[in-house]
$ cat work34.cif   # mmCIF, C-alpha atoms and all ligand atoms
data_model
loop_
_atom_site.label_atom_id
_atom_site.label_comp_id
_atom_site.auth_asym_id
_atom_site.auth_seq_id
_atom_site.Cartn_x
_atom_site.Cartn_y
_atom_site.Cartn_z
CA MET A 26 68.75 86.32 55.54
CA SER A 27 66.40 86.69 52.59
CA GLY A 28 65.78 89.14 49.81
CA ARG A 29 67.55 90.58 46.84
CA PHE A 30 69.29 93.88 46.24
CA LEU A 31 70.74 95.28 43.04
CA LEU A 32 72.90 98.38 43.37
CA ALA A 33 73.99 100.25 40.26
CA GLN A 34 77.25 102.02 41.06
CA ILE A 35 77.94 104.74 38.54
CA SER A 36 81.16 106.63 39.12
CA ASP A 37 83.22 109.55 37.92
CA THR A 38 80.62 110.87 35.52
CA HIS A 39 82.54 114.18 35.20
CA ILE A 40 79.57 116.04 33.76
CA ARG A 41 80.72 119.08 31.75
CA ALA A 42 78.96 122.07 30.28
CA ASP A 43 81.18 122.26 27.19
CA ASP A 44 81.16 118.70 25.82
CA HIS A 45 77.87 118.91 23.90
CA GLY A 46 76.21 116.71 26.50
CA GLU A 47 78.54 113.75 25.93
CA ALA A 48 79.19 112.90 29.61
CA ALA A 49 75.52 113.40 30.51
CA ALA A 50 74.51 111.07 27.66
CA LYS A 51 76.80 108.37 29.06
CA LEU A 52 75.23 108.77 32.50
CA LYS A 53 71.78 108.46 30.99
CA LYS A 54 72.81 105.35 29.06
CA ALA A 55 74.19 103.79 32.25
CA MET A 56 70.90 104.52 34.02
CA ALA A 57 68.94 103.01 31.14
CA GLN A 58 71.05 99.87 31.40
CA ALA A 59 70.51 99.84 35.18
CA ALA A 60 66.76 99.95 34.50
CA GLN A 61 67.05 96.87 32.28
CA TYR A 62 68.67 95.02 35.19
CA ARG A 63 65.92 96.36 37.50
CA ALA A 64 68.41 97.98 39.84
CA ASP A 65 66.88 98.89 43.20
CA ALA A 66 69.10 101.93 43.71
CA ILE A 67 71.67 104.00 41.85
CA LEU A 68 74.68 105.37 43.71
CA LEU A 69 76.98 107.91 42.06
CA THR A 70 80.35 107.53 43.78
CA GLY A 71 81.82 110.98 43.25
CA ASP A 72 83.41 113.20 40.63
CA LEU A 73 79.86 113.93 39.60
CA VAL A 74 81.00 117.00 37.66
CA ASN A 75 84.34 118.02 36.18
CA ASP A 76 85.07 121.52 37.48
CA GLU A 77 82.58 122.23 40.31
CA ARG A 78 80.83 124.73 38.01
CA THR A 79 77.23 125.81 38.38
CA GLU A 80 76.34 124.88 34.78
CA GLU A 81 77.78 121.42 35.34
CA TYR A 82 75.65 120.76 38.42
CA GLU A 83 72.63 122.07 36.50
CA ALA A 84 73.42 119.66 33.65
CA LEU A 85 73.78 116.83 36.17
CA ALA A 86 70.40 117.68 37.72
CA ARG A 87 68.81 117.58 34.25
CA ALA A 88 70.43 114.23 33.47
CA LEU A 89 69.08 112.80 36.72
CA LEU A 90 65.48 113.83 36.07
CA ASP A 91 63.12 110.87 36.04
CA PRO A 92 65.62 108.16 37.09
CA PRO A 93 64.58 104.48 36.97
CA ALA A 94 65.43 103.97 40.67
CA PRO A 95 66.24 106.16 43.68
CA VAL A 96 69.50 108.05 43.09
CA TYR A 97 72.05 108.73 45.82
CA LEU A 98 74.94 111.16 45.45
CA MET A 99 78.30 111.48 47.13
CA PRO A 100 81.19 113.85 46.45
CA GLY A 101 84.56 113.14 44.85
CA ASN A 102 87.59 115.38 44.61
CA HIS A 103 86.01 117.24 41.67
CA ASP A 104 82.90 118.14 43.71
CA GLU A 105 82.00 120.82 46.19
CA ARG A 106 79.81 119.93 49.17
CA THR A 107 77.89 123.21 49.39
CA ARG A 108 77.00 123.17 45.70
CA LEU A 109 75.92 119.55 45.88
CA ARG A 110 73.53 120.38 48.71
CA PHE A 111 72.31 123.49 46.89
CA PHE A 112 71.56 121.88 43.54
CA PHE A 113 69.94 118.74 44.94
CA PRO A 114 67.57 120.01 47.67
CA SER A 115 65.22 117.05 47.15
CA HIS A 116 67.98 114.63 48.15
CA SER A 117 66.93 114.77 51.77
CA TYR A 118 69.35 112.03 52.89
CA LEU A 119 72.23 114.51 52.46
CA PRO A 120 73.26 116.02 55.82
CA HIS A 121 72.63 119.78 56.09
CA SER A 122 76.15 120.58 57.27
CA GLY A 123 79.62 119.11 57.41
CA HIS A 124 80.62 115.94 55.61
CA LEU A 125 78.12 114.32 53.23
CA SER A 126 78.25 110.92 54.92
CA TYR A 127 75.04 108.94 55.42
CA ALA A 128 73.52 105.47 55.57
CA ILE A 129 70.87 104.11 53.19
CA GLU A 130 68.61 101.96 55.32
CA GLU A 131 65.61 101.01 53.18
CA PHE A 132 66.98 97.96 51.36
CA PRO A 133 67.98 94.43 52.45
CA VAL A 134 71.60 95.56 52.16
CA ARG A 135 72.67 98.65 54.03
CA VAL A 136 74.83 101.13 52.14
CA VAL A 137 77.07 103.36 54.25
CA VAL A 138 78.47 106.29 52.30
CA VAL A 139 81.64 107.89 53.64
CA ASP A 140 82.55 111.37 52.43
CA GLN A 141 86.34 111.50 52.76
CA ILE A 142 87.21 114.26 50.29
CA VAL A 143 89.59 117.08 51.23
CA PRO A 144 88.46 120.43 49.74
CA GLY A 145 91.01 121.70 47.23
CA GLU A 146 93.00 118.46 47.26
CA THR A 147 93.05 115.47 44.93
CA HIS A 148 93.70 112.81 47.56
CA GLY A 149 91.21 111.54 50.13
CA LEU A 150 91.50 111.43 53.89
CA LEU A 151 89.61 109.52 56.54
CA THR A 152 89.82 111.73 59.59
CA ALA A 153 89.62 110.43 63.16
CA ALA A 154 86.12 111.92 63.35
CA GLY A 155 85.18 110.22 60.08
CA ALA A 156 86.48 106.89 61.34
CA GLU A 157 84.52 107.29 64.56
CA TRP A 158 81.35 108.12 62.61
CA LEU A 159 81.83 105.03 60.45
CA ASP A 160 82.49 102.83 63.48
CA CYS A 161 79.34 104.06 65.26
CA THR A 162 77.23 103.83 62.10
CA LEU A 163 78.32 100.25 61.40
CA ALA A 164 77.82 99.29 65.05
CA ALA A 165 74.17 100.37 64.80
CA ALA A 166 73.29 97.41 62.51
CA PRO A 167 75.80 94.61 63.08
CA ASN A 168 73.65 91.88 61.53
CA LYS A 169 72.66 93.56 58.27
CA PRO A 170 74.84 92.98 55.19
CA THR A 171 76.53 96.27 54.42
CA ILE A 172 78.32 97.91 51.52
CA VAL A 173 80.65 100.78 52.42
CA ALA A 174 81.09 103.38 49.67
CA LEU A 175 84.02 105.78 49.32
CA HIS A 176 85.34 107.88 46.46
CA HIS A 177 89.07 107.22 46.87
CA PRO A 178 90.44 103.65 46.71
CA PRO A 179 91.76 102.54 50.11
CA PHE A 180 94.36 100.10 48.76
CA LEU A 181 97.52 100.47 46.67
CA THR A 182 96.96 99.72 43.00
CA HIS A 183 100.68 100.12 42.17
CA ASP A 184 99.89 102.98 39.84
CA LEU A 185 102.40 105.79 40.41
CA LEU A 186 99.83 108.59 40.30
CA PHE A 187 96.82 107.03 41.97
CA ASP A 188 98.79 105.57 44.88
CA ASN A 189 99.77 109.17 45.65
CA ILE A 190 96.25 110.53 45.44
CA GLY A 191 94.26 107.67 46.97
CA LEU A 192 92.82 107.46 50.47
CA ARG A 193 95.34 108.55 53.07
CA ASP A 194 95.06 106.82 56.46
CA ALA A 195 93.68 103.66 54.90
CA ASP A 196 95.00 101.81 57.97
CA LEU A 197 92.44 103.71 60.03
CA LEU A 198 89.71 102.44 57.71
CA ALA A 199 91.04 98.87 57.92
CA GLY A 200 90.92 99.02 61.72
CA VAL A 201 87.25 100.04 61.64
CA ILE A 202 86.21 97.56 58.94
CA ALA A 203 87.92 94.69 60.80
CA LYS A 204 85.49 95.22 63.69
CA HIS A 205 82.41 94.86 61.52
CA ARG A 206 82.08 91.48 59.83
CA GLN A 207 78.79 92.49 58.16
CA VAL A 208 80.70 94.63 55.65
CA ILE A 209 80.51 92.52 52.50
CA ARG A 210 82.00 95.03 50.03
CA ILE A 211 83.83 98.30 49.92
CA ILE A 212 83.16 100.17 46.68
CA CYS A 213 84.88 103.26 45.32
CA GLY A 214 85.85 105.10 42.14
CA HIS A 215 88.48 107.78 41.38
CA HIS A 216 90.87 105.55 39.42
CA HIS A 217 88.69 105.47 36.26
CA ARG A 218 89.39 101.79 35.75
CA VAL A 219 88.26 98.51 37.30
CA ALA A 220 90.52 97.04 39.97
CA PHE A 221 90.07 94.82 43.01
CA GLY A 222 91.71 94.79 46.44
CA GLN A 223 90.94 93.99 50.05
CA ILE A 224 90.66 95.87 53.33
CA ALA A 225 90.53 93.65 56.42
CA HIS A 226 88.05 90.87 55.45
CA ALA A 227 86.19 93.01 52.89
CA PRO A 228 86.76 92.83 49.11
CA VAL A 229 87.21 96.26 47.55
CA VAL A 230 85.96 97.07 44.06
CA ILE A 231 87.04 100.14 42.11
CA ALA A 232 84.35 101.07 39.60
CA PRO A 233 85.27 102.44 36.19
CA SER A 234 84.30 105.90 35.01
CA THR A 235 81.43 106.38 32.60
CA SER A 236 83.44 109.11 30.86
CA TRP A 237 86.98 107.84 30.21
CA VAL A 238 89.44 105.13 31.26
CA TYR A 239 92.94 105.73 32.61
CA GLY A 240 95.78 103.34 31.87
CA ILE A 241 98.26 102.23 34.52
CA ALA A 242 101.68 103.85 35.06
CA MET A 243 103.83 101.43 37.05
CA TYR A 244 107.25 102.68 35.92
CA PRO A 245 108.64 106.23 35.90
CA GLU A 246 109.23 106.19 32.15
CA GLN A 247 105.56 105.51 31.47
CA PRO A 248 103.12 108.38 30.88
CA ILE A 249 101.17 109.29 33.99
CA ALA A 250 97.39 108.79 33.83
CA PRO A 251 97.18 108.20 30.08
CA ARG A 252 93.67 108.08 28.70
CA THR A 253 93.06 104.79 26.90
CA ASP A 254 90.43 103.51 24.52
CA GLU A 255 89.34 100.77 26.97
CA GLN A 256 85.61 100.46 27.53
CA THR A 257 83.91 102.81 29.95
CA GLY A 258 81.13 101.48 32.16
CA TRP A 259 79.70 101.00 35.63
CA MET A 260 79.31 98.27 38.27
CA LEU A 261 76.23 96.25 39.12
CA HIS A 262 76.47 94.83 42.64
CA ALA A 263 73.96 91.97 42.93
CA TRP A 264 73.15 90.48 46.33
CA THR A 265 70.80 87.75 47.46
CA GLY A 266 70.40 86.38 50.96
CA ALA A 267 71.20 82.87 49.79
CA GLY A 268 73.93 83.65 47.29
CA GLY A 269 75.92 86.56 48.65
CA CYS A 270 77.25 89.42 46.56
CA ALA A 271 78.60 89.44 43.01
CA SER A 272 79.96 92.59 41.33
CA HIS A 273 79.61 92.86 37.57
CA PHE A 274 81.24 95.29 35.17
CA ILE A 275 78.68 96.59 32.68
CA GLY A 276 80.22 98.23 29.62
CA LEU A 277 78.68 101.29 28.04
FE FE A 301 87.32 111.12 38.44
#
$ encode --input "work34.cif" --output "structure tokens"
Amino acid sequence: MSGRFLLAQISDTHIRADDHGEAAAKLKKAMAQAAQYRADAILLTGDLVNDERTEEYEALARALLDPPAPVYLMPGNHDERTRLRFFFPSHSYLPHSGHLSYAIEEFPVRVVVVDQIVPGETHGLLTAAGAEWLDCTLAAAPNKPTIVALHHPPFLTHDLLFDNIGLRDADLLAGVIAKHRQVIRIICGHHHRVAFGQIAHAPVVIAPSTSWVYGIAMYPEQPIAPRTDEQTGWMLHAWTGAGGCASHFIGL
């Protein structure tokens, strides 16, 4: 296996129309940093906007003009599939109907994006149909290193809120991943802080948000989802054929 692949994972941008462009500026700064690292692709792993509003998607589209590398989008629980399709017609990899799941094939590492949002809900769900799609998609290229991207973390972080609103049916995901040894990483967002876990043989990385960081609530007396002053940022996943994959936190 030869080659090199640098994936900039930018998550939970939560673009707003009423923040004087603050969230959009952070996205642009993350993309500028990704350009310095010569990222081959930029994947936004959901919660692209804050309230599914038209002006927010328009602001996101403006922020993504003239990116330094191809940009790929996927929905989080703050997104709406129809609007995503509508406002990004040039993103031809997005399916025209149903879930916005797809595979990025043009790099030495395959990226399989799984849309597992539930409209109107905060948690995620991998349906039986979604699991079957993922199984078939992974089976199509068993020898190519693959990153699987989700929005919701598929493992328990021991945070009282986020364990309630993570990916339901994570066991279903684990059963599929276990069959496909070429999966070298599972990447996700949603938690607005960096954390690591494992599903079957695959390390899981939760990317931070570019907009704000949540603290951890492990005990009932602690505030739920407190915003902290920890550093926001994004993840740079760097792969080479000889050296495998390393995932770096890049602070904004
Ligand atoms: Fe978010």
$ residues_around --input "work34.cif" --residues "range 157-173 of chain A" --least-positions-apart "4" --cutoff "10 Å" --atoms "all atoms listed in the file" --output "PyMOL selection string"
chain A and resi 26+32+126-130+132-139+151-153+197-198+200-202+204-213+227+229+262+264+266+269-270
$ closest_residue --input "work34.cif" --among "A:Trp237, A:Phe180, A:Tyr62, A:Tyr118" --to "ligand FE 301 (chain A)" --atoms "only C-alpha atoms and all ligand atoms"
A:Trp237
$ closest_residue --input "work34.cif" --among "A:Gly268, A:Pro228, A:Gly145, A:Gly258" --to "Lys51 in chain A" --atoms "all atoms listed in the file"
A:Gly258
$ residues_near_ligand --input "work34.cif" --ligand "ligand FE 301 (chain A)" --cutoff "6 Å" --atoms "all atoms listed in the file" --output "count of residues only"
3
$ closest_residue --input "work34.cif" --among "A:Leu68, A:Met99, A:Ile241, A:Ala199" --to "Thr253 in chain A" --atoms "only C-alpha atoms"
A:Ile241
$ atom_distance --input "work34.cif" --atom1 "CA of Asp104 in chain A" --atom2 "CA of Pro178 in chain A"
16.6 Å
$ residues_around --input "work34.cif" --residues "Glu77 in chain A" --least-positions-apart "6" --cutoff "10 Å" --atoms "only C-alpha atoms" --output "ChimeraX atom specification"
/A:39-41,102-106,108-109
$ atom_distance --input "work34.cif" --atom1 "CA of His121 in chain A" --atom2 "CA of His216 in chain A"
28.5 Å
$ atom_distance --input "work34.cif" --atom1 "CA of Ile35 in chain A" --atom2 "CA of Ile67 in chain A"
7.1 Å
$ residues_around --input "work34.cif" --residues "Thr147 in chain A" --least-positions-apart "2" --cutoff "12 Å" --atoms "all atoms listed in the file" --output "number ranges by chain"
A: 72, 101-104, 141-145, 149-150, 176-177, 186-193, 215-216
$ closest_residue --input "work34.cif" --among "A:Pro93, A:Pro114, A:Gly222, A:Gly71" --to "Pro179 in chain A" --atoms "all atoms listed in the file"
A:Gly222
$ residues_around --input "work34.cif" --residues "Ala263 in chain A" --least-positions-apart "3" --cutoff "8 Å" --atoms "all atoms listed in the file" --output "PyMOL selection string"
chain A and resi 29-32+270-273
$ closest_residue --input "work34.cif" --among "A:Gln34, A:Leu181, A:Leu98, A:Leu89" --to "Ser234 in chain A" --atoms "all atoms listed in the file"
A:Gln34
$ closest_residue --input "work34.cif" --among "A:Ser122, A:Gln247, A:Ser236, A:Thr70" --to "Ala50 in chain A" --atoms "all atoms listed in the file"
A:Ser236
$ residues_around --input "work34.cif" --residues "Ala33 in chain A" --least-positions-apart "3" --cutoff "8 Å" --atoms "all atoms listed in the file" --output "CSV table (one decimal) with C-alpha atoms, in the frame of the given file"
chain,number,residue,atom,x,y,z
A,59,ALA,CA,70.5,99.8,35.2
A,64,ALA,CA,68.4,98.0,39.8
A,65,ASP,CA,66.9,98.9,43.2
A,66,ALA,CA,69.1,101.9,43.7
A,67,ILE,CA,71.7,104.0,41.8
A,68,LEU,CA,74.7,105.4,43.7
A,259,TRP,CA,79.7,101.0,35.6
A,260,MET,CA,79.3,98.3,38.3
A,261,LEU,CA,76.2,96.2,39.1
A,262,HIS,CA,76.5,94.8,42.6
$ build_atoms --input "work34.cif" --residues "range 54-65 of chain A" --atoms "all heavy atoms" --output "mmCIF file, keeping the file's coordinate frame"
data_model
loop_
_atom_site.group_PDB
_atom_site.id
_atom_site.type_symbol
_atom_site.label_atom_id
_atom_site.label_comp_id
_atom_site.auth_asym_id
_atom_site.auth_seq_id
_atom_site.Cartn_x
_atom_site.Cartn_y
_atom_site.Cartn_z
ATOM 1 N N LYS A 54 72.754 106.714 29.605
ATOM 2 C CA LYS A 54 72.810 105.350 29.060
ATOM 3 C C LYS A 54 73.052 104.340 30.186
ATOM 4 O O LYS A 54 72.437 103.267 30.214
ATOM 5 C CB LYS A 54 73.922 105.242 28.007
ATOM 6 C CG LYS A 54 73.989 103.857 27.383
ATOM 7 C CD LYS A 54 75.017 103.747 26.266
ATOM 8 C CE LYS A 54 75.044 102.326 25.695
ATOM 9 N NZ LYS A 54 76.087 102.143 24.684
ATOM 10 N N ALA A 55 73.948 104.690 31.116
ATOM 11 C CA ALA A 55 74.190 103.790 32.250
ATOM 12 C C ALA A 55 72.908 103.584 33.060
ATOM 13 O O ALA A 55 72.603 102.459 33.485
ATOM 14 C CB ALA A 55 75.304 104.358 33.140
ATOM 15 N N MET A 56 72.154 104.654 33.259
ATOM 16 C CA MET A 56 70.900 104.520 34.020
ATOM 17 C C MET A 56 69.875 103.681 33.257
ATOM 18 O O MET A 56 69.122 102.905 33.859
ATOM 19 C CB MET A 56 70.329 105.895 34.368
ATOM 20 C CG MET A 56 71.144 106.618 35.434
ATOM 21 S SD MET A 56 70.241 107.974 36.209
ATOM 22 C CE MET A 56 69.970 109.043 34.819
ATOM 23 N N ALA A 57 69.859 103.828 31.939
ATOM 24 C CA ALA A 57 68.940 103.010 31.140
ATOM 25 C C ALA A 57 69.309 101.537 31.236
ATOM 26 O O ALA A 57 68.434 100.661 31.334
ATOM 27 C CB ALA A 57 68.954 103.478 29.679
ATOM 28 N N GLN A 58 70.616 101.257 31.217
ATOM 29 C CA GLN A 58 71.050 99.870 31.400
ATOM 30 C C GLN A 58 70.679 99.366 32.797
ATOM 31 O O GLN A 58 70.242 98.223 32.963
ATOM 32 C CB GLN A 58 72.569 99.766 31.197
ATOM 33 C CG GLN A 58 73.014 99.970 29.753
ATOM 34 C CD GLN A 58 74.530 100.003 29.633
ATOM 35 O OE1 GLN A 58 75.216 100.585 30.467
ATOM 36 N NE2 GLN A 58 75.050 99.396 28.587
ATOM 37 N N ALA A 59 70.864 100.231 33.810
ATOM 38 C CA ALA A 59 70.510 99.840 35.180
ATOM 39 C C ALA A 59 69.021 99.505 35.273
ATOM 40 O O ALA A 59 68.621 98.585 36.000
ATOM 41 C CB ALA A 59 70.867 100.974 36.148
ATOM 42 N N ALA A 60 68.207 100.230 34.511
ATOM 43 C CA ALA A 60 66.760 99.950 34.500
ATOM 44 C C ALA A 60 66.485 98.567 33.918
ATOM 45 O O ALA A 60 65.612 97.841 34.404
ATOM 46 C CB ALA A 60 66.035 101.022 33.695
ATOM 47 N N GLN A 61 67.246 98.192 32.877
ATOM 48 C CA GLN A 61 67.050 96.870 32.280
ATOM 49 C C GLN A 61 67.364 95.757 33.272
ATOM 50 O O GLN A 61 66.752 94.685 33.246
ATOM 51 C CB GLN A 61 67.939 96.721 31.041
ATOM 52 C CG GLN A 61 67.481 97.597 29.878
ATOM 53 C CD GLN A 61 68.421 97.499 28.693
ATOM 54 O OE1 GLN A 61 69.516 96.985 28.791
ATOM 55 N NE2 GLN A 61 67.980 98.017 27.564
ATOM 56 N N TYR A 62 68.328 96.012 34.166
ATOM 57 C CA TYR A 62 68.670 95.020 35.190
ATOM 58 C C TYR A 62 67.770 95.132 36.423
ATOM 59 O O TYR A 62 67.951 94.413 37.389
ATOM 60 C CB TYR A 62 70.136 95.163 35.607
ATOM 61 C CG TYR A 62 71.108 94.695 34.552
ATOM 62 C CD1 TYR A 62 71.810 95.605 33.780
ATOM 63 C CD2 TYR A 62 71.305 93.343 34.315
ATOM 64 C CE1 TYR A 62 72.693 95.177 32.795
ATOM 65 C CE2 TYR A 62 72.182 92.907 33.340
ATOM 66 C CZ TYR A 62 72.873 93.823 32.583
ATOM 67 O OH TYR A 62 73.739 93.400 31.609
ATOM 68 N N ARG A 63 66.845 96.093 36.382
ATOM 69 C CA ARG A 63 65.920 96.360 37.500
ATOM 70 C C ARG A 63 66.681 96.676 38.785
ATOM 71 O O ARG A 63 66.412 96.095 39.839
ATOM 72 C CB ARG A 63 64.968 95.184 37.717
ATOM 73 C CG ARG A 63 64.127 94.889 36.484
ATOM 74 C CD ARG A 63 63.204 93.734 36.747
ATOM 75 N NE ARG A 63 62.848 93.057 35.510
ATOM 76 C CZ ARG A 63 62.288 91.855 35.458
ATOM 77 N NH1 ARG A 63 62.022 91.199 36.563
ATOM 78 N NH2 ARG A 63 61.978 91.316 34.308
ATOM 79 N N ALA A 64 67.655 97.550 38.667
ATOM 80 C CA ALA A 64 68.410 97.980 39.840
ATOM 81 C C ALA A 64 67.470 98.619 40.856
ATOM 82 O O ALA A 64 66.550 99.353 40.499
ATOM 83 C CB ALA A 64 69.494 98.970 39.430
ATOM 84 N N ASP A 65 67.705 98.323 42.134
ATOM 85 C CA ASP A 65 66.880 98.890 43.200
ATOM 86 C C ASP A 65 67.304 100.313 43.552
ATOM 87 O O ASP A 65 66.499 101.100 44.047
ATOM 88 C CB ASP A 65 66.989 98.024 44.459
ATOM 89 C CG ASP A 65 66.461 96.627 44.228
ATOM 90 O OD1 ASP A 65 65.255 96.503 43.923
ATOM 91 O OD2 ASP A 65 67.252 95.672 44.312
#
